[in-house]
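Chemist: Structure incoming, see below.
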Amino acid sequence: MNDVCGKRLPEILTILASKDYLAKMYTALEDDGIASVIKIALDVVRNTEIVPLPDIRRKNSDKAASFIYEARAYLRSRCIDVALEKCNEMLLYAPKNSDHMFSVYYFRAKILCLVKAAIAGLNDIENCLAVMKPQDRDALEDLMKMKKELTSILPFENIKNLALQSSFGTDYFTFNMKRNKDINCAIADIGVVRENGLPKVVATKNIDVGKLVAVERAYVTHRNDMNQLISCYNCLKFNLNLIPCDGCCYALFCDEMCKKLCMDEFHRTECQIMDHIFPERSDARFVLPVRAALKMKQAKSWDELVAASQDLTADKLRNRSDSEIYDSRNTFSILNYNNGKHFVHGKIFNQSFYYAAIVNRLSEIPGYYPQDPKKRLEAMYALGSIMLHLFVTYPFEIEIINAAQNYLTNNVTSEPEPNFGWFSFANKLKHCCEPNLLVVGLNDKIGLVAVKPIKKGTELTICYM
Ligand SMILES: [Zn+2]
Ligand SMILES: [Zn+2]
Ligand SMILES: [Zn+2]
């Protein structure tokens, strides 16, 4: 613990010692109370300059322009994949509907035309036309020429796509099985039994090898940094037509619908504090609690969130129903994990300031917290407690390794890196080094497949390694 929020420890300790903060923090840590730790951290953050301001990334034409030179250079040396990534980096910084946005869609369409990616190329020609200004009309002839060329090869691509769709990927993850009534993501042939009051998931009928037992969408995901410029921020899909977030300079989406879904779930809030979430810590362990808490808030009222935060140390696994624990349709299911307190004081000490800083930063968003000062503070404590609680109680993220990829992307990018996610159901299955279920990933979903015959009554297990 040499470094807290980018400051050296002696410096931090001096600030903390100055107002008895350190003594208060130690007492809170000894009491094992997450709520009191976050209260003190928030107090410190609000009254000291303990957390330095990060560099703020803003939409910027000059910065956007620098990437187009790089993209051209990579294209000249036939590094198609890097050229595409540079285009996408440019998209992140290009102001909305600017000349630069036109240039980047135009250039990306040219690259896609070159690699004969018909659907993606035609999409980018549409993107181009949508932001085109009268002075860009010189480009129109060229665009129409590309459109003609791509349209002529479109039928071949459609046939390839149809072949792809009828194979493994799409069919497999449609999951047309009889669903479990309590746990919607799983088949009817599993159930929850209680042992000394604690739940465990078992097979209620014999399950054969190869059977798909569950298909679950992640409650929240963390995209690997390596995939930032080639996949969708929300659904993690590899895509050649990524479009930028209008607000931040971090998120690219596969299409407008996915962008809207992400906004509605959590990004509307997250977008406004991205620089504070991501300065040096884009580690899944740090970021997933923030995203999960923001998602809970976007779905629930402050009163509901405060109530949930005051219930964090309760014996949740004994007192909650099976569907409250395992079904992701319950917004708070991700909180119903275990009752163990794995307090590692140094880690909590560091992390409490990070979450307190984010909670404090959110107060700059007009109307985010309640108006009433007492309720406002209560809301801030609740959000911070939930973040710190999730950080403390969740031991593993599940790696999502894509089993199927767009064949077009295969042509132009190297092997994908795994992304990470938290799952209401899968994350609560027991770990075993020789599990009976295998985790197969596709975008932001995972499928759980039986890799051994599972006898009726046997507990379901996965391997987190
Ligand atoms: Zn998407
Ligand atoms: Zn954004
Ligand atoms: Zn293992």
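We label chains A, B, ... in the order they appear in the structure tokens, count residues from 1 in each chain, and number ligands from 1 in the order shown.
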What are the closest atom pairs, with distances in Å to one decimal, for all residues of chain A lying within 6 Å of ligand 1? Consider only C-alpha atoms and all ligand atoms, order rows by chain and residue number, and present the result as CSV.

Modeler:
```
residue,atom,partner,partner_atom_place_in_ligand_line,distance
A:Cys232,CA,ligand 1,1 (Zn),4.6
A:Asn234,CA,ligand 1,1 (Zn),5.0
A:Cys235,CA,ligand 1,1 (Zn),4.0
A:Lys237,CA,ligand 1,1 (Zn),5.8
A:Phe253,CA,ligand 1,1 (Zn),5.3
A:Cys254,CA,ligand 1,1 (Zn),4.2
A:Cys258,CA,ligand 1,1 (Zn),4.6
```

Chemist: Residues at most 10 Å from ligand 2, using only C-alpha atoms and all ligand atoms? Could they come as a ChimeraX atom specification?

Modeler: /A:92,233,244-253,259,262-263,267-274

Chemist: How would you report the residues lying within 9 Å of ligand 3, as number ranges by chain, if you count only C-alpha atoms and all ligand atoms?

Modeler: A: 431-435, 462-465

Chemist: Leaving out His222 in chain A and any residue of its chain fewer than 5 positions from it, which residues lie within 12 Å of it when counting only C-alpha atoms, given as number ranges by chain?

Modeler: A: 227-228, 231-236, 251, 278, 282-292, 397-400, 417-422, 443-444

Chemist: In Å, with one decimal, what is the gap from CA of Val306 in chain A to CA of Leu335 in chain A?

Modeler: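 Atom-to-atom, CA of Val306 in chain A and CA of Leu335 in chain A are spaced 13.1 Å apart.
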
Chemist: Quick check for you: according to DSSP on this backbone, which residues of range 166-208 of chain A are classed as alpha helix (DSSP H)? Reply as a ChimeraX atom specification.

Modeler: /A:168-174

Chemist: Take the residues from that selection and put them in a file with all heavy atoms, as a short mmCIF file (atom, residue, chain, number, x, y, z; two decimals), in the first residue's frame.

Modeler:
```cif
data_model
loop_
_atom_site.label_atom_id
_atom_site.label_comp_id
_atom_site.auth_asym_id
_atom_site.auth_seq_id
_atom_site.Cartn_x
_atom_site.Cartn_y
_atom_site.Cartn_z
N PHE A 168 -23.27 -23.22 -35.58
CA PHE A 168 -23.12 -23.09 -34.13
C PHE A 168 -23.67 -21.82 -33.47
O PHE A 168 -24.69 -21.86 -32.81
CB PHE A 168 -21.63 -23.25 -33.78
CG PHE A 168 -21.32 -23.07 -32.33
CD1 PHE A 168 -21.62 -24.08 -31.43
CD2 PHE A 168 -20.76 -21.90 -31.86
CE1 PHE A 168 -21.35 -23.93 -30.09
CE2 PHE A 168 -20.49 -21.73 -30.52
CZ PHE A 168 -20.79 -22.74 -29.63
N GLY A 169 -23.00 -20.70 -33.70
CA GLY A 169 -23.23 -19.48 -32.92
C GLY A 169 -24.67 -19.12 -32.64
O GLY A 169 -25.16 -19.29 -31.52
N THR A 170 -25.38 -18.66 -33.67
CA THR A 170 -26.70 -18.09 -33.44
C THR A 170 -27.69 -19.11 -32.87
O THR A 170 -28.35 -18.85 -31.88
CB THR A 170 -27.24 -17.51 -34.76
OG1 THR A 170 -26.19 -16.78 -35.37
CG2 THR A 170 -28.41 -16.60 -34.52
N ASP A 171 -27.76 -20.28 -33.50
CA ASP A 171 -28.70 -21.30 -33.05
C ASP A 171 -28.47 -21.68 -31.61
O ASP A 171 -29.39 -21.83 -30.83
CB ASP A 171 -28.54 -22.58 -33.89
CG ASP A 171 -29.46 -22.55 -35.08
OD1 ASP A 171 -30.12 -21.51 -35.27
OD2 ASP A 171 -29.52 -23.55 -35.81
N TYR A 172 -27.21 -21.84 -31.28
CA TYR A 172 -26.86 -22.34 -29.97
C TYR A 172 -27.35 -21.41 -28.88
O TYR A 172 -27.83 -21.84 -27.85
CB TYR A 172 -25.34 -22.48 -29.89
CG TYR A 172 -24.93 -23.50 -28.88
CD1 TYR A 172 -25.17 -24.85 -29.12
CD2 TYR A 172 -24.33 -23.12 -27.69
CE1 TYR A 172 -24.80 -25.80 -28.19
CE2 TYR A 172 -23.96 -24.06 -26.76
CZ TYR A 172 -24.20 -25.40 -27.02
OH TYR A 172 -23.84 -26.32 -26.10
N PHE A 173 -27.22 -20.12 -29.12
CA PHE A 173 -27.54 -19.18 -28.06
C PHE A 173 -28.99 -18.68 -28.09
O PHE A 173 -29.36 -17.82 -27.33
CB PHE A 173 -26.56 -18.00 -28.07
CG PHE A 173 -25.26 -18.36 -27.42
CD1 PHE A 173 -24.24 -18.95 -28.14
CD2 PHE A 173 -25.07 -18.13 -26.07
CE1 PHE A 173 -23.05 -19.30 -27.53
CE2 PHE A 173 -23.88 -18.48 -25.45
CZ PHE A 173 -22.86 -19.07 -26.18
N THR A 174 -29.82 -19.23 -28.99
CA THR A 174 -31.23 -18.84 -28.94
C THR A 174 -31.92 -19.50 -27.75
O THR A 174 -32.82 -18.94 -27.17
CB THR A 174 -31.98 -19.20 -30.25
OG1 THR A 174 -31.56 -20.48 -30.66
CG2 THR A 174 -31.75 -18.17 -31.31
#
```

Chemist: From the list A:Asn350, A:Thr27, A:Ser36, A:Ser103, which residue is nearest Ile12 in chain A when using only C-alpha atoms?

Modeler: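 That would be A:Asn350, the residue with the smallest distance to Ile12 in chain A.
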
Chemist: Tell me which protein, DNA and RNA residues are within 12 Å of Ile15 in chain A, counting only C-alpha atoms, leaving out same-chain ones fewer than 2 positions away, and put them as a PyMOL selection string.

Modeler: chain A and resi 7-13+17-22+44-45+47-51

Chemist: Export all heavy atoms of the chosen residues as a compact mmCIF listing (two decimals), in the first residue's frame?

Modeler:
```txt
# COMPACT_ATOMS: atom_id res chain seq x y z
N LYS A 7 -1.43 9.32 -4.95
CA LYS A 7 -0.54 10.07 -4.05
C LYS A 7 0.30 9.10 -3.24
O LYS A 7 -0.10 7.98 -2.99
CB LYS A 7 -1.36 10.93 -3.09
CG LYS A 7 -2.06 12.08 -3.79
CD LYS A 7 -2.39 13.17 -2.81
CE LYS A 7 -3.17 14.26 -3.53
NZ LYS A 7 -3.35 15.45 -2.75
N ARG A 8 1.47 9.56 -2.82
CA ARG A 8 2.32 8.73 -2.00
C ARG A 8 1.71 8.60 -0.61
O ARG A 8 1.04 9.51 -0.11
CB ARG A 8 3.73 9.34 -1.89
CG ARG A 8 4.40 9.55 -3.21
CD ARG A 8 4.61 8.27 -3.99
NE ARG A 8 5.42 7.29 -3.24
CZ ARG A 8 5.55 6.03 -3.59
NH1 ARG A 8 4.91 5.56 -4.63
NH2 ARG A 8 6.31 5.23 -2.89
N LEU A 9 1.94 7.46 0.00
CA LEU A 9 1.34 7.18 1.30
C LEU A 9 1.67 8.22 2.38
O LEU A 9 0.75 8.65 3.09
CB LEU A 9 1.75 5.78 1.75
CG LEU A 9 1.02 5.27 2.99
CD1 LEU A 9 -0.49 5.22 2.76
CD2 LEU A 9 1.52 3.88 3.35
N PRO A 10 2.93 8.65 2.54
CA PRO A 10 3.22 9.62 3.62
C PRO A 10 2.37 10.88 3.48
O PRO A 10 1.86 11.41 4.47
CB PRO A 10 4.70 9.94 3.42
CG PRO A 10 5.25 8.79 2.67
CD PRO A 10 4.15 8.27 1.80
N GLU A 11 2.18 11.31 2.24
CA GLU A 11 1.40 12.52 1.97
C GLU A 11 -0.05 12.31 2.42
O GLU A 11 -0.65 13.16 3.08
CB GLU A 11 1.46 12.78 0.47
CG GLU A 11 1.08 14.17 0.04
CD GLU A 11 1.06 14.27 -1.49
OE1 GLU A 11 1.74 13.45 -2.15
OE2 GLU A 11 0.35 15.13 -1.99
N ILE A 12 -0.60 11.14 2.05
CA ILE A 12 -1.96 10.79 2.43
C ILE A 12 -2.10 10.75 3.95
O ILE A 12 -3.04 11.30 4.51
CB ILE A 12 -2.31 9.38 1.89
CG1 ILE A 12 -2.33 9.39 0.37
CG2 ILE A 12 -3.62 8.88 2.46
CD1 ILE A 12 -3.58 9.91 -0.23
N LEU A 13 -1.14 10.10 4.59
CA LEU A 13 -1.23 9.93 6.04
C LEU A 13 -1.20 11.28 6.74
O LEU A 13 -1.89 11.49 7.74
CB LEU A 13 -0.10 9.02 6.55
CG LEU A 13 -0.24 7.56 6.12
CD1 LEU A 13 0.93 6.72 6.63
CD2 LEU A 13 -1.56 6.95 6.59
N ALA A 17 -4.08 12.34 9.12
CA ALA A 17 -3.79 12.52 10.55
C ALA A 17 -4.23 13.90 11.03
O ALA A 17 -4.57 14.09 12.19
CB ALA A 17 -2.30 12.32 10.80
N SER A 18 -4.27 14.86 10.08
CA SER A 18 -4.51 16.25 10.46
C SER A 18 -5.86 16.46 11.14
O SER A 18 -6.01 17.33 11.95
CB SER A 18 -4.39 17.15 9.23
OG SER A 18 -5.46 16.87 8.35
N LYS A 19 -6.85 15.69 10.80
CA LYS A 19 -8.17 15.95 11.41
C LYS A 19 -8.73 14.70 12.08
O LYS A 19 -9.94 14.48 12.04
CB LYS A 19 -9.14 16.45 10.35
CG LYS A 19 -8.92 17.91 9.98
CD LYS A 19 -10.04 18.39 9.09
CE LYS A 19 -9.81 19.84 8.70
NZ LYS A 19 -10.70 20.26 7.64
N ASP A 20 -7.84 13.89 12.62
CA ASP A 20 -8.33 12.69 13.30
C ASP A 20 -8.94 11.66 12.34
O ASP A 20 -9.53 10.69 12.77
CB ASP A 20 -9.42 13.06 14.33
CG ASP A 20 -8.83 13.06 15.73
OD1 ASP A 20 -7.62 12.81 15.84
OD2 ASP A 20 -9.59 13.30 16.68
N TYR A 21 -8.82 11.93 11.03
CA TYR A 21 -9.45 11.01 10.08
C TYR A 21 -8.88 9.60 10.20
O TYR A 21 -9.57 8.62 10.07
CB TYR A 21 -9.24 11.51 8.64
CG TYR A 21 -10.10 12.68 8.27
CD1 TYR A 21 -9.55 13.81 7.67
CD2 TYR A 21 -11.48 12.65 8.49
CE1 TYR A 21 -10.34 14.88 7.31
CE2 TYR A 21 -12.27 13.72 8.14
CZ TYR A 21 -11.70 14.84 7.55
OH TYR A 21 -12.48 15.90 7.19
N LEU A 22 -7.57 9.56 10.43
CA LEU A 22 -6.91 8.26 10.46
C LEU A 22 -7.45 7.40 11.60
O LEU A 22 -7.78 6.23 11.41
CB LEU A 22 -5.39 8.46 10.59
CG LEU A 22 -4.53 7.30 10.11
CD1 LEU A 22 -4.85 6.91 8.68
CD2 LEU A 22 -3.05 7.66 10.24
N VAL A 44 -13.63 12.64 4.10
CA VAL A 44 -12.26 13.04 3.74
C VAL A 44 -12.24 13.64 2.34
O VAL A 44 -11.69 14.72 2.11
CB VAL A 44 -11.29 11.83 3.81
CG1 VAL A 44 -9.91 12.21 3.30
CG2 VAL A 44 -11.21 11.29 5.23
N VAL A 45 -12.88 12.95 1.38
CA VAL A 45 -12.86 13.39 -0.01
C VAL A 45 -13.53 14.76 -0.16
O VAL A 45 -13.06 15.62 -0.90
CB VAL A 45 -13.56 12.34 -0.92
CG1 VAL A 45 -13.86 12.91 -2.29
CG2 VAL A 45 -12.69 11.10 -1.04
N ASN A 47 -13.75 17.10 2.11
CA ASN A 47 -13.12 18.18 2.87
C ASN A 47 -11.63 18.36 2.63
O ASN A 47 -11.02 19.26 3.18
CB ASN A 47 -13.37 17.98 4.36
CG ASN A 47 -14.85 18.11 4.69
OD1 ASN A 47 -15.47 19.12 4.36
ND2 ASN A 47 -15.42 17.09 5.28
N THR A 48 -11.04 17.50 1.83
CA THR A 48 -9.61 17.65 1.53
C THR A 48 -9.41 17.55 0.03
O THR A 48 -10.33 17.24 -0.72
CB THR A 48 -8.78 16.53 2.19
OG1 THR A 48 -9.08 15.30 1.54
CG2 THR A 48 -9.07 16.40 3.67
N GLU A 49 -8.19 17.78 -0.40
CA GLU A 49 -7.87 17.66 -1.83
C GLU A 49 -7.18 16.32 -2.06
O GLU A 49 -6.27 16.21 -2.87
CB GLU A 49 -6.93 18.78 -2.25
CG GLU A 49 -7.35 20.14 -1.79
CD GLU A 49 -7.95 20.94 -2.92
OE1 GLU A 49 -7.20 21.31 -3.83
OE2 GLU A 49 -9.18 21.17 -2.88
N ILE A 50 -7.63 15.32 -1.34
CA ILE A 50 -6.90 14.06 -1.32
C ILE A 50 -6.88 13.37 -2.69
O ILE A 50 -5.92 12.72 -3.06
CB ILE A 50 -7.48 13.13 -0.23
CG1 ILE A 50 -6.47 12.06 0.15
CG2 ILE A 50 -8.79 12.53 -0.63
CD1 ILE A 50 -6.83 11.33 1.42
N VAL A 51 -7.96 13.52 -3.45
CA VAL A 51 -8.01 12.87 -4.77
C VAL A 51 -7.69 13.89 -5.86
O VAL A 51 -8.42 14.85 -6.04
CB VAL A 51 -9.40 12.26 -5.03
CG1 VAL A 51 -9.42 11.53 -6.37
CG2 VAL A 51 -9.78 11.31 -3.91
```

Chemist: So which residues touch Phe349 in chain A within 9 Å, counting only C-alpha atoms, skipping near sequence neighbours fewer than 6 positions away, as a list in words?

Modeler: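 Within the cut-off, the hits are Val4, Met25, Leu29, Val37 and Ala41 of chain A.
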
Chemist: For each of A:Pro134, A:Gly367, A:Gly346, A:Gly384, take the minimum atom-to-atom distance to Ile38 in chain A, counting only C-alpha atoms, then give the residue where this is smallest.

Modeler: A:Gly384

Chemist: Closest to Pro453 in chain A among A:Lys260, A:Arg223, A:Lys205, A:Lys430, using only C-alpha atoms?

Modeler: A:Lys205
